[in-house]
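These notes concern the structure reproduced below.
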Amino acid sequence: MKTFYSTILLSFLISFVFAQKEKKQEKIIADSKEAKAAFLNQDSDMKEFFDSSHGYVIFPNVGKGGIGIGGASGNGTAYENGKMIGMAKMTQVSIGFQLGGQAYREVVFFETAEAMDRFKNNKIEFSAQVSAVAASSGASADAKFYEGVLVFTMQKGGLMYEASVGGQKFKFKEFDD
């Protein structure tokens with residue numbers, strides 16, 4: 001009888017965990033749609049990148065903070081050829097002159113299938129040479145890909161003296177078929 005109750009309890013806990021994970025994923029997807037609309041509202045010319053890039057990842061809520069040593073993280077949605085294909089996680093560790101905290105959105109465009117494949121195989125990592133373009137009206141007109149990757153950020157709140165994407169690492173998880 002004890003095994004029966006243990007099995008019931010375990011089943012309930014597993015169902016609860018999966019329901020919470022699904023709820024979190026649905027929130028990230030909804031927030032990503034809002035973030036895309038906000039980027040396009042800020043600079044309508046970004047539509048060209050959304051339409052012509054092989055793929056992109058939207059991180060709608062990235063939190064960043066630091067005092068000398070800093071970190072950032074966020075979860076997002078990945079798209080290839082305009083279709084959502086999975087979820088992504090971004091983490092960043094930085095050392096140097098920095099102070100404060102901020103929340104921002106980030107979209108990473110992949111110019112080619114090769115660049116997108118590097119991301120999907122968790123082989124994309126930003127170095128100091130990659131810099132983000134702050135999304136603003138007309139900012140996308142002069143934006144250029146670096147090694148097949150282009151990044152835009154949009155501040156949501158907070159104050160942080162430091163603005164780089166160097167040291168970012170990504171993890172991709174494809175949706176199960």
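By convention in this document, the chains of the structure tokens carry letters A, B, ... by their order, each chain's residues are numbered from 1, and ligands are numbered from 1 in the order they are shown.
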If DSSP is run on the backbone, what residues of stretch 9-125 of chain A are strand (DSSP E)? A reply as an NGL selection string would be ideal. :A and (55-80 or 83-110)
Let's have the selection written as an mmCIF file, in the first residue's frame, with C-alpha atoms.
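Listed below is the output, result_39.cif:
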data_model
loop_
_atom_site.group_PDB
_atom_site.id
_atom_site.type_symbol
_atom_site.label_atom_id
_atom_site.label_comp_id
_atom_site.auth_asym_id
_atom_site.auth_seq_id
_atom_site.Cartn_x
_atom_site.Cartn_y
_atom_site.Cartn_z
ATOM 1 C CA GLY A 55 17.437 32.640 -38.278
ATOM 2 C CA TYR A 56 17.261 34.646 -35.096
ATOM 3 C CA VAL A 57 16.897 34.317 -31.349
ATOM 4 C CA ILE A 58 14.895 36.720 -29.197
ATOM 5 C CA PHE A 59 15.749 37.112 -25.513
ATOM 6 C CA PRO A 60 12.870 39.215 -24.171
ATOM 7 C CA ASN A 61 14.070 39.545 -20.566
ATOM 8 C CA VAL A 62 17.798 39.643 -19.876
ATOM 9 C CA GLY A 63 18.917 40.612 -16.403
ATOM 10 C CA LYS A 64 22.421 41.982 -15.920
ATOM 11 C CA GLY A 65 24.277 43.246 -12.897
ATOM 12 C CA GLY A 66 27.735 43.716 -11.541
ATOM 13 C CA ILE A 67 30.224 45.436 -9.300
ATOM 14 C CA GLY A 68 33.600 44.720 -10.870
ATOM 15 C CA ILE A 69 32.505 41.165 -11.642
ATOM 16 C CA GLY A 70 29.199 40.891 -13.408
ATOM 17 C CA GLY A 71 26.810 38.480 -14.954
ATOM 18 C CA ALA A 72 23.772 38.329 -17.167
ATOM 19 C CA SER A 73 21.274 35.687 -18.171
ATOM 20 C CA GLY A 74 18.071 35.294 -20.089
ATOM 21 C CA ASN A 75 15.855 32.772 -21.827
ATOM 22 C CA GLY A 76 14.442 33.133 -25.309
ATOM 23 C CA THR A 77 12.983 31.622 -28.445
ATOM 24 C CA ALA A 78 14.862 30.515 -31.558
ATOM 25 C CA TYR A 79 13.541 30.842 -35.104
ATOM 26 C CA GLU A 80 14.830 29.407 -38.362
ATOM 27 C CA LYS A 83 9.507 29.186 -37.840
ATOM 28 C CA MET A 84 9.994 28.764 -34.086
ATOM 29 C CA ILE A 85 12.294 25.763 -33.625
ATOM 30 C CA GLY A 86 13.258 25.785 -29.958
ATOM 31 C CA MET A 87 14.283 27.564 -26.796
ATOM 32 C CA ALA A 88 17.573 29.223 -25.914
ATOM 33 C CA LYS A 89 19.443 30.307 -22.810
ATOM 34 C CA MET A 90 22.081 33.027 -22.683
ATOM 35 C CA THR A 91 24.630 33.514 -19.907
ATOM 36 C CA GLN A 92 27.402 36.054 -19.579
ATOM 37 C CA VAL A 93 30.200 36.631 -17.113
ATOM 38 C CA SER A 94 32.266 39.797 -17.261
ATOM 39 C CA ILE A 95 35.157 41.277 -15.327
ATOM 40 C CA GLY A 96 36.160 44.929 -15.474
ATOM 41 C CA PHE A 97 34.836 48.352 -14.699
ATOM 42 C CA GLN A 98 31.093 47.939 -14.244
ATOM 43 C CA LEU A 99 28.558 49.015 -11.704
ATOM 44 C CA GLY A 100 24.807 48.617 -11.470
ATOM 45 C CA GLY A 101 22.074 46.496 -12.914
ATOM 46 C CA GLN A 102 19.780 46.578 -15.882
ATOM 47 C CA ALA A 103 17.094 44.679 -17.727
ATOM 48 C CA TYR A 104 17.127 44.569 -21.489
ATOM 49 C CA ARG A 105 15.943 42.709 -24.572
ATOM 50 C CA GLU A 106 18.300 41.163 -27.083
ATOM 51 C CA VAL A 107 17.819 39.774 -30.568
ATOM 52 C CA VAL A 108 20.603 37.839 -32.311
ATOM 53 C CA PHE A 109 20.350 37.457 -36.099
ATOM 54 C CA PHE A 110 22.130 34.704 -38.032
#
Near stretch 39-54 of chain A, within 12 Å and counting only C-alpha atoms, which residues show up once chain neighbours fewer than 3 positions away are dropped, as number ranges by chain? A: 32-36, 57-60, 78-83, 104-117, 119, 133-145, 148-156
